[in-house]
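Reproduced below: data_4.cif, with mmCIF, C-alpha atoms.
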data_model
#
loop_
_atom_site.label_atom_id
_atom_site.label_comp_id
_atom_site.auth_asym_id
_atom_site.auth_seq_id
_atom_site.Cartn_x
_atom_site.Cartn_y
_atom_site.Cartn_z
CA MET A 282 0.00 0.00 0.00
CA GLY A 283 2.56 2.55 -1.11
CA LYS A 284 -0.21 4.99 -1.93
CA TYR A 285 -0.70 6.47 1.56
CA THR A 286 1.61 8.86 3.41
CA ASP A 287 1.71 10.88 6.61
CA GLN A 288 1.29 14.01 4.49
CA GLN A 289 -2.10 12.81 3.30
CA ILE A 290 -3.35 12.66 6.87
CA ILE A 291 -2.55 16.33 7.32
CA LYS A 292 -4.09 17.21 3.95
CA SER A 293 -7.29 15.41 4.80
CA TRP A 294 -7.60 16.94 8.27
CA LYS A 295 -7.08 20.42 6.87
CA LYS A 296 -10.23 19.89 4.80
CA ASN A 297 -12.25 18.80 7.82
CA VAL A 298 -11.35 21.35 10.47
CA GLN A 299 -14.77 22.98 10.70
CA PRO A 300 -16.91 19.84 10.88
CA TRP A 301 -14.45 18.35 13.40
CA VAL A 302 -14.63 21.39 15.67
CA ALA A 303 -18.43 21.18 15.47
CA ALA A 304 -18.40 17.43 16.18
CA ILE A 305 -16.24 17.87 19.28
CA ARG A 306 -17.86 21.00 20.64
CA GLU A 307 -21.43 19.84 20.00
CA GLY A 308 -20.77 16.35 21.36
CA GLU A 309 -21.55 14.48 18.13
CA ILE A 310 -19.24 11.51 18.76
CA GLU A 311 -21.03 9.15 21.13
CA GLU A 312 -18.03 6.99 22.06
CA ARG A 313 -16.12 10.08 23.12
CA LEU A 314 -18.96 11.33 25.30
CA LEU A 315 -19.73 7.94 26.80
CA VAL A 316 -16.27 6.45 27.20
CA THR A 317 -13.04 7.78 25.81
CA ASN A 318 -13.03 11.42 27.01
CA GLN A 319 -13.41 10.38 30.62
CA ALA A 320 -11.01 7.46 30.13
CA ILE A 321 -8.14 9.69 29.00
CA LEU A 322 -8.87 12.22 31.75
CA ASN A 323 -8.82 9.46 34.38
CA ALA A 324 -5.56 8.10 33.01
CA ILE A 325 -3.97 11.56 33.20
CA PHE A 326 -5.40 12.32 36.66
CA SER A 327 -4.01 8.99 37.95
CA LYS A 328 -0.52 10.46 37.48
CA THR A 329 -1.38 13.67 39.43
CA PRO A 330 0.63 15.81 36.99
CA LYS A 331 1.44 19.46 37.50
CA ALA A 332 2.09 20.02 33.78
CA VAL A 333 0.68 18.18 30.75
CA LEU A 334 1.59 18.40 27.06
CA ASP A 335 -1.18 17.33 24.65
CA ILE A 336 0.29 16.42 21.26
CA GLY A 337 -2.33 16.40 18.52
CA CYS A 338 -4.65 18.51 20.63
CA GLY A 339 -7.03 19.48 17.81
CA GLU A 340 -9.38 22.26 18.88
CA GLY A 341 -8.16 21.92 22.44
CA TRP A 342 -10.95 20.33 24.52
CA LEU A 343 -8.57 18.14 26.57
CA VAL A 344 -6.25 21.03 27.41
CA ARG A 345 -9.26 23.11 28.52
CA GLU A 346 -10.51 20.26 30.74
CA LEU A 347 -7.09 19.87 32.34
CA VAL A 348 -6.71 23.61 32.90
CA ASP A 349 -10.18 23.61 34.50
CA SER A 350 -8.81 21.00 36.91
CA GLY A 351 -5.90 23.26 37.80
CA ILE A 352 -3.28 21.50 35.68
CA HIS A 353 -0.90 23.65 33.64
CA SER A 354 -1.42 22.37 30.09
CA PHE A 355 -0.03 23.00 26.64
CA GLY A 356 -1.47 21.79 23.35
CA LEU A 357 0.35 21.17 20.06
CA ASP A 358 -1.21 20.36 16.72
CA ALA A 359 0.08 20.07 13.18
CA ILE A 360 -2.96 21.88 11.77
CA PRO A 361 -2.72 25.67 12.30
CA GLU A 362 -6.49 26.05 11.85
CA PHE A 363 -7.12 23.82 14.89
CA ILE A 364 -4.70 25.89 16.95
CA GLU A 365 -6.58 29.06 15.97
CA TYR A 366 -9.81 27.52 17.26
CA ALA A 367 -8.05 26.38 20.42
CA GLN A 368 -6.54 29.81 21.09
CA SER A 369 -9.88 31.55 20.51
CA ALA A 370 -11.55 29.30 23.07
CA GLY A 371 -8.81 30.08 25.61
CA GLY A 372 -7.83 27.98 28.64
CA GLY A 373 -4.30 26.73 28.18
CA SER A 374 -1.50 27.50 25.73
CA PHE A 375 -1.38 26.24 22.17
CA LYS A 376 1.07 26.12 19.30
CA ALA A 377 1.00 24.84 15.72
CA ILE A 378 3.90 22.52 14.94
CA SER A 379 4.31 19.41 12.82
CA TYR A 380 5.27 16.16 14.57
CA GLU A 381 8.43 16.11 12.48
CA GLU A 382 9.48 19.45 13.98
CA ILE A 383 8.99 18.41 17.62
CA SER A 384 12.31 17.98 19.40
CA SER A 385 14.04 18.45 22.73
CA ASN A 386 14.29 22.16 21.84
CA THR A 387 10.56 22.70 21.41
CA PHE A 388 10.14 23.60 25.08
CA SER A 389 12.40 24.85 27.80
CA GLU A 390 10.02 23.43 30.45
CA LYS A 391 9.37 19.70 31.07
CA PHE A 392 6.01 17.97 31.43
CA ASP A 393 4.89 15.29 33.90
CA VAL A 394 2.61 13.78 31.28
CA VAL A 395 2.75 13.82 27.50
CA VAL A 396 -0.59 12.69 26.10
CA CYS A 397 -1.65 11.69 22.58
CA ASN A 398 -5.39 11.19 22.41
CA PHE A 399 -6.29 9.53 19.10
CA SER A 400 -3.57 11.59 17.49
CA LEU A 401 -1.04 8.91 16.50
CA LEU A 402 -2.48 7.85 13.18
CA GLY A 403 0.59 8.24 11.00
CA HIS A 404 3.69 6.17 10.29
CA GLU A 405 7.16 7.77 10.20
CA CYS A 406 5.97 10.91 11.99
CA VAL A 407 4.84 8.76 14.92
CA ASN A 408 8.13 6.89 15.03
CA HIS A 409 9.93 10.24 15.08
CA LEU A 410 7.70 11.61 17.81
CA PHE A 411 8.33 8.55 20.00
CA GLU A 412 12.05 9.27 19.84
CA GLN A 413 11.49 12.82 21.12
CA VAL A 414 8.95 12.32 23.89
CA SER A 415 11.41 11.37 26.63
CA THR A 416 13.18 14.73 26.16
CA LEU A 417 9.90 16.52 26.90
CA LEU A 418 9.17 14.63 30.13
CA THR A 419 10.18 15.24 33.73
CA ARG A 420 11.99 12.43 35.49
CA ASN A 421 9.45 9.60 36.04
CA GLY A 422 7.06 11.34 33.68
CA SER A 423 4.46 9.32 31.79
CA TYR A 424 3.63 9.03 28.11
CA ILE A 425 -0.11 8.29 27.77
CA ILE A 426 -1.58 7.24 24.44
CA GLN A 427 -5.21 6.54 23.68
CA THR A 428 -5.72 4.98 20.28
CA ILE A 429 -7.74 2.61 18.17
CA HIS A 430 -7.79 -0.88 19.72
CA PRO A 431 -6.25 -3.53 17.46
CA ILE A 432 -9.06 -5.92 18.43
CA ILE A 433 -11.70 -3.54 17.11
CA ALA A 434 -9.86 -2.12 14.18
CA CYS A 435 -8.29 -5.08 12.45
CA GLY A 436 -11.46 -6.31 10.79
CA GLU A 437 -10.96 -8.74 7.93
CA SER A 438 -7.57 -7.34 7.00
CA LYS A 439 -4.29 -9.05 7.77
CA TYR A 440 -3.23 -8.43 11.38
CA ALA A 441 -0.06 -6.59 10.44
CA ASP A 442 1.24 -3.03 10.51
CA GLY A 443 0.29 -1.04 7.45
CA TRP A 444 -1.71 1.77 5.96
CA ARG A 445 -5.49 1.51 5.92
CA ALA A 446 -8.05 3.55 4.05
CA GLY A 447 -9.94 6.03 6.21
CA SER A 448 -13.69 6.40 6.65
CA TRP A 449 -16.08 9.00 8.01
CA LEU A 450 -18.76 6.38 8.62
CA GLY A 451 -21.00 7.56 11.43
CA PHE A 452 -19.96 11.20 11.04
CA SER A 453 -21.99 14.04 9.56
CA ASP A 454 -22.00 14.56 5.80
CA GLN A 455 -19.89 17.69 6.31
CA PHE A 456 -16.79 15.47 6.44
CA ILE A 457 -14.91 14.79 3.19
CA ASP A 458 -11.83 12.90 1.99
CA PRO A 459 -11.20 10.71 5.06
CA ALA A 460 -7.58 10.47 6.18
CA PRO A 461 -5.73 7.18 5.77
CA TRP A 462 -4.22 5.77 8.96
CA TYR A 463 -1.42 3.43 9.86
CA PHE A 464 -2.57 0.25 11.65
CA ARG A 465 -0.23 -1.08 14.34
CA THR A 466 -0.50 -4.43 16.05
CA LEU A 467 -0.30 -4.71 19.80
CA GLU A 468 3.20 -6.14 19.43
CA SER A 469 4.22 -3.08 17.41
CA TRP A 470 2.84 -0.59 19.92
CA GLU A 471 4.64 -2.37 22.70
CA PHE A 472 7.84 -2.40 20.66
CA LEU A 473 7.60 1.37 20.03
CA PHE A 474 7.65 1.92 23.78
CA LYS A 475 10.46 -0.55 24.39
CA GLN A 476 12.58 0.67 21.50
CA ASN A 477 12.44 4.17 22.96
CA SER A 478 13.31 3.03 26.50
CA PHE A 479 9.83 3.30 27.95
CA ASN A 480 8.42 0.70 30.31
CA LEU A 481 4.88 -0.09 29.25
CA HIS A 482 3.46 0.44 32.69
CA GLU A 483 -0.28 0.10 32.08
CA ILE A 484 -2.63 -1.08 29.38
CA LEU A 485 -6.26 -0.05 29.75
CA GLU A 486 -9.22 -1.10 27.62
CA PRO A 487 -12.10 1.36 28.09
CA MET A 488 -15.37 -0.50 27.54
CA HIS A 489 -18.55 0.76 25.95
CA PRO A 490 -21.29 0.36 28.58
CA GLY A 491 -23.73 -1.00 26.02
CA THR A 492 -21.64 -3.38 23.96
CA ASN A 493 -19.30 -6.27 24.53
CA THR A 494 -16.04 -4.81 23.28
CA PRO A 495 -13.45 -2.22 24.23
CA VAL A 496 -13.82 1.15 22.51
CA SER A 497 -10.13 2.03 22.58
CA ILE A 498 -6.83 1.12 24.17
CA ILE A 499 -4.75 3.27 26.49
CA PHE A 500 -1.02 2.70 26.92
CA ILE A 501 0.88 4.33 29.77
CA GLY A 502 4.64 4.25 29.42
CA GLN A 503 7.28 5.43 31.84
CA PHE A 504 10.71 6.51 30.62
CA ASP A 505 13.45 4.23 31.85
CA GLY A 506 16.48 5.96 30.36
CA MET B 648 -20.78 -18.30 35.72
CA GLY B 649 -20.33 -19.70 39.23
CA LYS B 650 -20.35 -23.22 37.85
CA TYR B 651 -16.65 -23.47 36.87
CA THR B 652 -13.64 -23.78 39.16
CA ASP B 653 -9.89 -24.31 38.97
CA GLN B 654 -10.47 -27.81 40.33
CA GLN B 655 -12.51 -28.74 37.26
CA ILE B 656 -9.56 -27.92 35.03
CA ILE B 657 -7.44 -30.45 36.90
CA LYS B 658 -10.24 -33.02 36.87
CA SER B 659 -10.69 -32.67 33.13
CA TRP B 660 -6.98 -32.87 32.34
CA LYS B 661 -6.63 -36.01 34.44
CA LYS B 662 -9.12 -37.68 32.09
CA ASN B 663 -7.17 -36.64 29.00
CA VAL B 664 -3.58 -37.44 29.87
CA GLN B 665 -3.10 -40.21 27.34
CA PRO B 666 -4.62 -38.51 24.28
CA TRP B 667 -2.70 -35.32 25.18
CA VAL B 668 0.62 -37.14 25.38
CA ALA B 669 -0.16 -38.72 22.01
CA ALA B 670 -1.19 -35.36 20.52
CA ILE B 671 2.04 -33.68 21.63
CA ARG B 672 4.41 -36.51 20.87
CA GLU B 673 2.86 -37.34 17.49
CA GLY B 674 2.61 -33.70 16.45
CA GLU B 675 -1.17 -33.63 16.08
CA ILE B 676 -1.63 -29.92 16.90
CA GLU B 677 -0.81 -27.95 13.77
CA GLU B 678 -0.53 -24.52 15.39
CA ARG B 679 2.03 -25.86 17.84
CA LEU B 680 4.14 -27.39 15.08
CA LEU B 681 3.87 -24.41 12.76
CA VAL B 682 4.03 -21.53 15.18
CA THR B 683 3.81 -21.67 18.94
CA ASN B 684 6.49 -24.27 19.85
CA GLN B 685 9.19 -22.33 18.05
CA ALA B 686 7.79 -19.01 19.31
CA ILE B 687 8.14 -19.98 22.97
CA LEU B 688 11.60 -21.45 22.37
CA ASN B 689 12.73 -18.24 20.65
CA ALA B 690 11.35 -16.13 23.48
CA ILE B 691 13.26 -18.22 26.03
CA PHE B 692 16.47 -18.28 23.96
CA SER B 693 16.34 -14.48 23.66
CA LYS B 694 17.04 -14.30 27.40
CA THR B 695 20.07 -16.66 27.16
CA PRO B 696 19.11 -18.37 30.43
CA LYS B 697 21.30 -20.84 32.28
CA ALA B 698 18.32 -22.32 34.17
CA VAL B 699 14.62 -22.47 33.22
CA LEU B 700 11.57 -23.51 35.22
CA ASP B 701 8.60 -24.69 33.15
CA ILE B 702 5.38 -24.46 35.16
CA GLY B 703 2.59 -26.57 33.69
CA CYS B 704 5.07 -28.62 31.71
CA GLY B 705 2.68 -31.46 30.82
CA GLU B 706 4.56 -34.42 29.36
CA GLY B 707 7.73 -32.37 29.24
CA TRP B 708 8.50 -31.55 25.58
CA LEU B 709 9.67 -28.01 26.28
CA VAL B 710 12.00 -29.07 29.09
CA ARG B 711 13.50 -31.73 26.81
CA GLU B 712 14.05 -29.16 24.03
CA LEU B 713 15.74 -26.77 26.44
CA VAL B 714 17.94 -29.50 27.90
CA ASP B 715 18.91 -30.47 24.34
CA SER B 716 20.08 -26.89 23.91
CA GLY B 717 22.25 -27.17 26.99
CA ILE B 718 19.94 -25.28 29.36
CA HIS B 719 19.40 -26.69 32.84
CA SER B 720 15.62 -27.09 33.03
CA PHE B 721 13.01 -28.19 35.54
CA GLY B 722 9.37 -28.98 34.86
CA LEU B 723 6.41 -28.77 37.24
CA ASP B 724 2.89 -29.95 36.61
CA ALA B 725 -0.20 -30.36 38.73
CA ILE B 726 -1.07 -33.69 37.09
CA PRO B 727 1.10 -36.52 38.47
CA GLU B 728 0.38 -38.67 35.41
CA PHE B 729 2.01 -36.06 33.14
CA ILE B 730 5.06 -35.99 35.37
CA GLU B 731 5.35 -39.77 35.11
CA TYR B 732 5.39 -39.51 31.31
CA ALA B 733 7.93 -36.69 31.51
CA GLN B 734 10.21 -38.61 33.84
CA SER B 735 10.04 -41.73 31.68
CA ALA B 736 11.09 -39.74 28.63
CA GLY B 737 14.07 -38.30 30.56
CA GLY B 738 15.95 -35.08 29.75
CA GLY B 739 15.46 -32.65 32.60
CA SER B 740 14.00 -32.87 36.08
CA PHE B 741 10.30 -32.99 36.84
CA LYS B 742 8.04 -32.80 39.85
CA ALA B 743 4.27 -33.02 40.44
CA ILE B 744 2.95 -30.09 42.42
CA SER B 745 -0.25 -28.06 42.35
CA TYR B 746 0.00 -24.35 41.53
CA GLU B 747 -1.46 -23.60 44.96
CA GLU B 748 1.49 -25.39 46.60
CA ILE B 749 4.18 -23.50 44.68
CA SER B 750 6.01 -21.07 46.94
CA SER B 751 9.42 -19.53 47.62
CA ASN B 752 10.27 -22.81 49.39
CA THR B 753 9.64 -25.06 46.40
CA PHE B 754 13.24 -24.70 45.22
CA SER B 755 16.51 -23.79 46.83
CA GLU B 756 17.90 -22.76 43.42
CA LYS B 757 16.74 -19.76 41.36
CA PHE B 758 15.85 -19.69 37.66
CA ASP B 759 16.71 -17.11 34.97
CA VAL B 760 13.41 -17.79 33.23
CA VAL B 761 10.10 -19.07 34.53
CA VAL B 762 7.91 -20.10 31.60
CA CYS B 763 4.22 -20.96 31.40
CA ASN B 764 3.35 -22.27 27.95
CA PHE B 765 -0.44 -22.44 27.59
CA SER B 766 -0.61 -23.49 31.20
CA LEU B 767 -2.33 -20.50 32.84
CA LEU B 768 -5.95 -21.40 32.19
CA GLY B 769 -7.30 -21.12 35.74
CA HIS B 770 -8.42 -18.27 37.96
CA GLU B 771 -7.34 -18.08 41.63
CA CYS B 772 -4.53 -20.58 41.11
CA VAL B 773 -3.01 -18.30 38.47
CA ASN B 774 -3.31 -15.25 40.71
CA HIS B 775 -1.55 -17.21 43.46
CA LEU B 776 1.18 -18.39 41.11
CA PHE B 777 1.87 -14.83 39.93
CA GLU B 778 2.54 -13.82 43.53
CA GLN B 779 5.16 -16.57 43.88
CA VAL B 780 7.06 -16.32 40.60
CA SER B 781 9.39 -13.50 41.61
CA THR B 782 10.69 -15.65 44.49
CA LEU B 783 11.71 -18.34 41.98
CA LEU B 784 13.65 -15.98 39.69
CA THR B 785 17.24 -14.80 39.70
CA ARG B 786 17.81 -11.04 39.79
CA ASN B 787 16.71 -9.64 36.39
CA GLY B 788 15.07 -12.98 35.61
CA SER B 789 12.15 -13.12 33.17
CA TYR B 790 8.65 -14.51 33.45
CA ILE B 791 7.52 -15.68 29.99
CA ILE B 792 3.90 -16.61 29.33
CA GLN B 793 2.43 -17.90 26.10
CA THR B 794 -1.34 -18.01 26.16
CA ILE B 795 -4.53 -17.67 24.18
CA HIS B 796 -4.69 -14.26 22.44
CA PRO B 797 -7.65 -12.17 23.59
CA ILE B 798 -8.20 -11.06 19.99
CA ILE B 799 -8.68 -14.62 18.84
CA ALA B 800 -10.42 -16.05 21.85
CA CYS B 801 -13.05 -13.51 22.75
CA GLY B 802 -15.49 -14.50 20.04
CA GLU B 803 -19.03 -13.25 20.51
CA SER B 804 -18.79 -13.23 24.31
CA LYS B 805 -18.43 -10.10 26.35
CA TYR B 806 -14.82 -8.90 26.42
CA ALA B 807 -14.42 -9.32 30.16
CA ASP B 808 -12.63 -11.67 32.52
CA GLY B 809 -14.60 -14.78 33.33
CA TRP B 810 -14.94 -18.51 32.98
CA ARG B 811 -15.58 -19.99 29.55
CA ALA B 812 -16.70 -23.45 28.57
CA GLY B 813 -13.95 -25.62 27.10
CA SER B 814 -13.89 -27.42 23.78
CA TRP B 815 -11.87 -30.17 22.14
CA LEU B 816 -12.84 -28.96 18.68
CA GLY B 817 -10.12 -29.97 16.24
CA PHE B 818 -8.71 -32.66 18.55
CA SER B 819 -9.04 -36.43 18.20
CA ASP B 820 -12.16 -38.14 19.54
CA GLN B 821 -10.04 -39.62 22.33
CA PHE B 822 -10.49 -36.37 24.27
CA ILE B 823 -13.40 -36.09 26.69
CA ASP B 824 -14.90 -33.56 29.14
CA PRO B 825 -13.07 -30.42 27.98
CA ALA B 826 -11.69 -28.23 30.76
CA PRO B 827 -13.27 -24.83 31.35
CA TRP B 828 -10.86 -21.90 31.23
CA TYR B 829 -10.71 -18.41 32.61
CA PHE B 830 -10.67 -15.69 29.94
CA ARG B 831 -8.54 -12.62 30.73
CA THR B 832 -8.54 -9.38 28.79
CA LEU B 833 -5.30 -7.78 27.74
CA GLU B 834 -5.80 -5.16 30.45
CA SER B 835 -6.10 -7.93 33.05
CA TRP B 836 -2.97 -9.75 31.91
CA GLU B 837 -1.04 -6.51 32.04
CA PHE B 838 -2.44 -5.78 35.50
CA LEU B 839 -1.37 -9.21 36.78
CA PHE B 840 2.21 -8.36 35.86
CA LYS B 841 2.03 -4.85 37.30
CA GLN B 842 0.28 -5.92 40.50
CA ASN B 843 3.10 -8.36 41.13
CA SER B 844 5.86 -5.81 40.43
CA PHE B 845 6.81 -7.08 36.99
CA ASN B 846 7.56 -4.74 34.11
CA LEU B 847 5.81 -6.03 31.03
CA HIS B 848 8.90 -5.92 28.90
CA GLU B 849 7.71 -7.50 25.66
CA ILE B 850 4.47 -8.51 24.00
CA LEU B 851 4.77 -10.83 21.02
CA GLU B 852 2.03 -12.00 18.69
CA PRO B 853 3.14 -15.15 16.84
CA MET B 854 1.39 -15.23 13.47
CA HIS B 855 0.10 -18.23 11.55
CA PRO B 856 1.89 -18.20 8.19
CA GLY B 857 -1.30 -19.06 6.34
CA THR B 858 -3.90 -16.86 8.00
CA ASN B 859 -4.34 -13.24 8.90
CA THR B 860 -4.38 -13.44 12.68
CA PRO B 861 -2.04 -14.11 15.58
CA VAL B 862 -2.14 -17.65 16.95
CA SER B 863 -1.18 -16.74 20.50
CA ILE B 864 0.25 -13.98 22.63
CA ILE B 865 3.55 -14.04 24.52
CA PHE B 866 4.17 -11.75 27.49
CA ILE B 867 7.68 -11.29 28.87
CA GLY B 868 7.85 -9.68 32.30
CA GLN B 869 10.87 -8.62 34.29
CA PHE B 870 10.71 -8.42 38.06
CA ASP B 871 11.14 -4.87 39.33
CA GLY B 872 10.97 -5.50 43.08
#

Go ahead and express the file in the form of structure tokens.
Amino acid sequence: MGKYTDQQIIKSWKKNVQPWVAAIREGEIEERLLVTNQAILNAIFSKTPKAVLDIGCGEGWLVRELVDSGIHSFGLDAIPEFIEYAQSAGGGSFKAISYEEISSNTFSEKFDVVVCNFSLLGHECVNHLFEQVSTLLTRNGSYIIQTIHPIIACGESKYADGWRAGSWLGFSDQFIDPAPWYFRTLESWEFLFKQNSFNLHEILEPMHPGTNTPVSIIFIGQFDG
Amino acid sequence: MGKYTDQQIIKSWKKNVQPWVAAIREGEIEERLLVTNQAILNAIFSKTPKAVLDIGCGEGWLVRELVDSGIHSFGLDAIPEFIEYAQSAGGGSFKAISYEEISSNTFSEKFDVVVCNFSLLGHECVNHLFEQVSTLLTRNGSYIIQTIHPIIACGESKYADGWRAGSWLGFSDQFIDPAPWYFRTLESWEFLFKQNSFNLHEILEPMHPGTNTPVSIIFIGQFDG
């Protein structure tokens, strides 16, 4: 599947900024309202952080929630239009930056938690980001990722890392040109942590209250460098 | 599902000792031949252990393989009849002992690897065993578990820990009264390691060469006490 790239993800999201902001702010995504928003908040709260960095923050809802709870929080996103929405809404600091540009020099401060909430959908850019995260963390800081659960997402395709076609199924008809995404097996996620000297400290599987399957998976890694 | 217990697993296996020994020794289980036997051996070899303890060793094939590779190996099983078969075949040391009886006093020596290859199918007995394993390991020793992959095994049932009915589907008609088994989610497996002060160091997903899904899952934990 040589036809998909990280750049296409950005291109697609740029076309869907307005419907996405509406979907988040008007609570259109049931699984987020019922399960995954609270799940990522609980995971972050469990680390009692003073400072949190949200990478792939979108229009900024998670940063605002954390700031409301008294946690100093900063949001980054590759799409400048999302950052404009985030800054207009206030509550927290925001900056537009591509994952490829993130490095140990991006901040002078360190964060107790770096969180990626459904924002690791690319390939090389994610591998690059993983290499940088430890430089952004305080000692004993945690890297918390919520993402698509391999159990749910694999479907009939081969259970192997690779690009998959995107879909806006279940979203409003305002969404166009769905972004491709890079499927990773459980083994591959675990290896990303290990390869970058993180202990995979927790795996959580937030469950939908009305169905029999997990809605997402949350990994919590601790740097062991 | 209050109807199943750890004791029933033992009862069922006692009725199936002879067909199981035949199935293992005559290579009747395709997934073992094609995938999982080599996968567990590779996982053990990757730790270059001097001494290995195989808990739930059955008729002893894995201990014999390890001894053939020059690794001092000991096998334990709760079913005395399996241990008799293992001892008759030679190659390694074997002892019959229930999981509930295993403790820091079971051995005076320590092992670099404790392995459980498809032998953690119970409930309380597995929780007990997990509490004991660190006392059997050398410093920086590894606990390696190969088990049923939650992705494969969940089926239409609720994705939640609990007893499941057994099945001998795909086995010879010599097998009777299949043992129930206790399903654990990925989150629960991870928590068992964490709760007992193990870092979950690796997760492997051995793949069937001819299908699109993993055949099993291998967890490698390192004691962090």

Selection: 8 Å around region 769-773 of chain B, only C-alpha atoms, excl. self and same-chain fewer than 6 positions, as a PyMOL selection string: chain B and resi 652-653+656+746-747+828-829

Residues of chain B near chain A: apply a cut-off of 6 Å, count only C-alpha atoms, and supply the list as a PDB file with C-alpha atoms, keeping the file's coordinate frame.
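Once everything was written out, this is result03.pdb:
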ATOM      1  CA  ILE B 798      -8.200 -11.060  19.990  1.00  0.00           C
ATOM      2  CA  LYS B 805     -18.430 -10.100  26.350  1.00  0.00           C
ATOM      3  CA  TYR B 806     -14.820  -8.900  26.420  1.00  0.00           C
ATOM      4  CA  GLU B 834      -5.800  -5.160  30.450  1.00  0.00           C
ATOM      5  CA  ILE B 850       4.470  -8.510  24.000  1.00  0.00           C
ATOM      6  CA  LEU B 851       4.770 -10.830  21.020  1.00  0.00           C
ATOM      7  CA  ASN B 859      -4.340 -13.240   8.900  1.00  0.00           C
ATOM      8  CA  THR B 860      -4.380 -13.440  12.680  1.00  0.00           C
TER       9      THR B 860
END

For a quick check of your reading of the model, name the residues lying within 12 Å of the coordinate (10.1, 17.7, 15.4), counting all atoms listed in the file, and write them as an mmCIF file with C-alpha atoms, keeping the file's coordinate frame.
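The new file result07.cif reads:
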data_model
loop_
_atom_site.group_PDB
_atom_site.id
_atom_site.type_symbol
_atom_site.label_atom_id
_atom_site.label_comp_id
_atom_site.auth_asym_id
_atom_site.auth_seq_id
_atom_site.Cartn_x
_atom_site.Cartn_y
_atom_site.Cartn_z
ATOM 1 C CA ILE A 336 0.290 16.420 21.260
ATOM 2 C CA LEU A 357 0.350 21.170 20.060
ATOM 3 C CA ASP A 358 -1.210 20.360 16.720
ATOM 4 C CA ALA A 359 0.080 20.070 13.180
ATOM 5 C CA ALA A 377 1.000 24.840 15.720
ATOM 6 C CA ILE A 378 3.900 22.520 14.940
ATOM 7 C CA SER A 379 4.310 19.410 12.820
ATOM 8 C CA TYR A 380 5.270 16.160 14.570
ATOM 9 C CA GLU A 381 8.430 16.110 12.480
ATOM 10 C CA GLU A 382 9.480 19.450 13.980
ATOM 11 C CA ILE A 383 8.990 18.410 17.620
ATOM 12 C CA SER A 384 12.310 17.980 19.400
ATOM 13 C CA SER A 385 14.040 18.450 22.730
ATOM 14 C CA ASN A 386 14.290 22.160 21.840
ATOM 15 C CA THR A 387 10.560 22.700 21.410
ATOM 16 C CA PHE A 388 10.140 23.600 25.080
ATOM 17 C CA GLU A 405 7.160 7.770 10.200
ATOM 18 C CA CYS A 406 5.970 10.910 11.990
ATOM 19 C CA VAL A 407 4.840 8.760 14.920
ATOM 20 C CA ASN A 408 8.130 6.890 15.030
ATOM 21 C CA HIS A 409 9.930 10.240 15.080
ATOM 22 C CA LEU A 410 7.700 11.610 17.810
ATOM 23 C CA PHE A 411 8.330 8.550 20.000
ATOM 24 C CA GLU A 412 12.050 9.270 19.840
ATOM 25 C CA GLN A 413 11.490 12.820 21.120
ATOM 26 C CA VAL A 414 8.950 12.320 23.890
ATOM 27 C CA THR A 416 13.180 14.730 26.160
ATOM 28 C CA LEU A 417 9.900 16.520 26.900
#

Å distance separating CA of Gly809 (chain B) from CA of Phe830 (chain B), one decimal place: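 About the pair CA of Gly809 (chain B) and CA of Phe830 (chain B): they are 5.3 Å apart.
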
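Restricting the calculation to all atoms listed in the file, the smallest distance between Ser789 (chain B) and any of B:Asp808, B:Asp871, B:Glu677, B:Asp820 is found for B:Asp871.
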
Point-to-point distance from CA of Tyr366 (chain A) to CA of Arg345 (chain A), Å rounded to tenths: 12.1 Å

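Atom pair CA of Ala303 (chain A) / CA of Trp342 (chain A): separated by 11.8 Å.
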
Edge lengths and centre in Å to one decimal, as lines of an AutoDock Vina configuration file, of the axis-aligned box that encloses all listed atoms of region 772-785 of chain B with 4 Å added on every side?
center_x = 6.4
center_y = -17.0
center_z = 41.5
size_x = 29.8
size_y = 15.1
size_z = 14.0

Polymer residues at most 12 Å from Ser819 (chain B), only C-alpha atoms, same-chain spacing of 5 or more positions, as a ChimeraX atom specification: /B:663,665-667,669-671,673,675-676,814

As a tab-separated table (two decimals) with C-alpha atoms, in the frame of the given file, please: the residues near Asn684 (chain B) (cut-off 10 Å, all atoms listed in the file, same-chain neighbours under 2 positions excluded).
chain	number	residue	atom	x	y	z
B	678	GLU	CA	-0.53	-24.52	15.39
B	679	ARG	CA	2.03	-25.86	17.84
B	680	LEU	CA	4.14	-27.39	15.08
B	681	LEU	CA	3.87	-24.41	12.76
B	682	VAL	CA	4.03	-21.53	15.18
B	686	ALA	CA	7.79	-19.01	19.31
B	687	ILE	CA	8.14	-19.98	22.97
B	688	LEU	CA	11.60	-21.45	22.37
B	689	ASN	CA	12.73	-18.24	20.65
B	708	TRP	CA	8.50	-31.55	25.58
B	709	LEU	CA	9.67	-28.01	26.28
B	712	GLU	CA	14.05	-29.16	24.03
B	764	ASN	CA	3.35	-22.27	27.95
B	793	GLN	CA	2.43	-17.90	26.10

Counting all atoms listed in the file, the residue of A:Cys338, A:Leu402, A:Ala332, A:Ile429 that sits nearest Pro361 (chain A):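 Closest residue, counting all atoms listed in the file: A:Cys338.
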
Hits from the PyMOL selection byres ((chain B and resi 784) around 6), listed as a ChimeraX atom specification: /B:757-759,781-783,785,788
